[in-house]
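See structure below.
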Amino acid sequence: MINQEMLNIVNNIITTRFPAYANYVHPAPILVQATFPASQGAGVPVNAELTINNSLVSQYNIPQSQVWVITDLYASSASDIVLDATASFVKNGVKVLMTSAPLSTNYVGNNTRPGLSSPALYEPNSLITLPVAPISANGTTSAVDTFFLSVIIYDSTFS
């Protein structure tokens, strides 16, 4: 969970590094689903699918007119995390910005929910991928983890 001080730092970065993008800001929750096949090994990641513009995508290229800042990760229900795992925030297929705490700890009803340790910044034309690695091996049936990302989108189209 990002506090107000961290949000102020993010806004300062945007207005300093990307001034054209600072005029139009809107929050956007993104639904994420990670599907683990039967017998998925511990630590072996699958690419999660993000719901963007009503489509499921395993990677997303940030439009030239936007900067995205992912500020939080949460599950709306404890039952949404079937196979406990961690999510890594990858930029351009190579740079791991951070890895989340176990998804099971990020249920919104958890008073000590860790959220994200820092915001993940994706500049224009950056590629987002979200590999999700199970903490323990999966059983004999597939499992789906469902969670959300809180994203602040800075868009220069409206400046």
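Note on naming: chains are A, B, ... as they come in the structure tokens, residues start from 1 per chain, ligands start from 1 in the order shown.
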Give me the segment 21-131 of chain A side of the contact with segment 138-157 of chain A, cut-off 8 Å, one line per residue showing its nearest atom pair and distance in Å at one decimal, counting only C-alpha atoms, sorted by chain and residue number, as a Markdown table.
```
| residue | atom | partner | partner_atom | distance |
| --- | --- | --- | --- | --- |
| A:Tyr21 | CA | A:Ser156 | CA | 4.2 |
| A:Ala22 | CA | A:Tyr154 | CA | 6.0 |
| A:Asn23 | CA | A:Ser156 | CA | 6.9 |
| A:Tyr24 | CA | A:Asp155 | CA | 5.4 |
| A:Val25 | CA | A:Tyr154 | CA | 4.7 |
| A:His26 | CA | A:Ile153 | CA | 5.4 |
| A:Pro27 | CA | A:Ile152 | CA | 4.4 |
| A:Ala28 | CA | A:Val151 | CA | 5.1 |
| A:Pro29 | CA | A:Ser150 | CA | 4.7 |
| A:Ile30 | CA | A:Leu149 | CA | 5.1 |
| A:Leu31 | CA | A:Phe148 | CA | 4.6 |
| A:Val32 | CA | A:Phe147 | CA | 5.3 |
| A:Gln33 | CA | A:Thr146 | CA | 4.6 |
| A:Ala34 | CA | A:Asp145 | CA | 5.2 |
| A:Thr35 | CA | A:Val144 | CA | 4.4 |
| A:Phe36 | CA | A:Ala143 | CA | 5.1 |
| A:Pro37 | CA | A:Ser142 | CA | 4.4 |
| A:Ala38 | CA | A:Ser142 | CA | 4.4 |
| A:Ser39 | CA | A:Asn138 | CA | 4.9 |
| A:Gln40 | CA | A:Asn138 | CA | 5.0 |
| A:Gly41 | CA | A:Asn138 | CA | 6.4 |
| A:Ala42 | CA | A:Asn138 | CA | 7.4 |
| A:Ser65 | CA | A:Ser156 | CA | 5.2 |
| A:Gln66 | CA | A:Asp155 | CA | 4.5 |
| A:Val67 | CA | A:Tyr154 | CA | 5.1 |
| A:Trp68 | CA | A:Ile153 | CA | 4.7 |
| A:Val69 | CA | A:Ile152 | CA | 5.2 |
| A:Ile70 | CA | A:Val151 | CA | 4.3 |
| A:Thr71 | CA | A:Ser150 | CA | 5.6 |
| A:Asp72 | CA | A:Ser150 | CA | 4.9 |
| A:Leu73 | CA | A:Leu149 | CA | 4.6 |
| A:Tyr74 | CA | A:Phe148 | CA | 5.3 |
| A:Ala75 | CA | A:Phe147 | CA | 4.4 |
| A:Ser76 | CA | A:Phe147 | CA | 6.9 |
| A:Asp80 | CA | A:Thr146 | CA | 5.2 |
| A:Ile81 | CA | A:Asp145 | CA | 4.6 |
| A:Val82 | CA | A:Asp145 | CA | 5.5 |
| A:Leu83 | CA | A:Ala143 | CA | 6.4 |
| A:Asp84 | CA | A:Asp145 | CA | 7.9 |
```
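Residue neighbourhood of Ser126 of chain A, excluding near-sequence residues (fewer than 6 positions): Asn61, Ile62 and Asn92 of chain A, at 6 Å, using only C-alpha atoms.
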field: A:Leu121, A:Gly43, A:Ala137, A:Leu103 ranked by distance to Ile13 of chain A, top pick (using only C-alpha atoms)
entry: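 Among A:Leu121, A:Gly43, A:Ala137, A:Leu103, it is A:Leu121 that comes nearest to Ile13 of chain A.
Shortest atom-to-atom contact with Leu127 of chain A among A:Gly115, A:Pro63, A:Pro19, A:Pro45: A:Pro63, counting only C-alpha atoms.
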task: Mind listing the strand (DSSP E or B) residues of segment 4-154 of chain A, per DSSP on the backbone, as a ChimeraX atom specification?
output: /A:25-36,46-47,49-52,55-57,59-61,66-75,85-91,95-99,107,120-122,127-129,131-134,143-154
- prompt: Taking only C-alpha atoms into account, which of A:Asn12, A:Thr99, A:Ser88, A:Gln59 comes nearest Thr129 of chain A?
  reply: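 Checking each of A:Asn12, A:Thr99, A:Ser88, A:Gln59 against Thr129 of chain A, counting only C-alpha atoms, the winner is A:Gln59.
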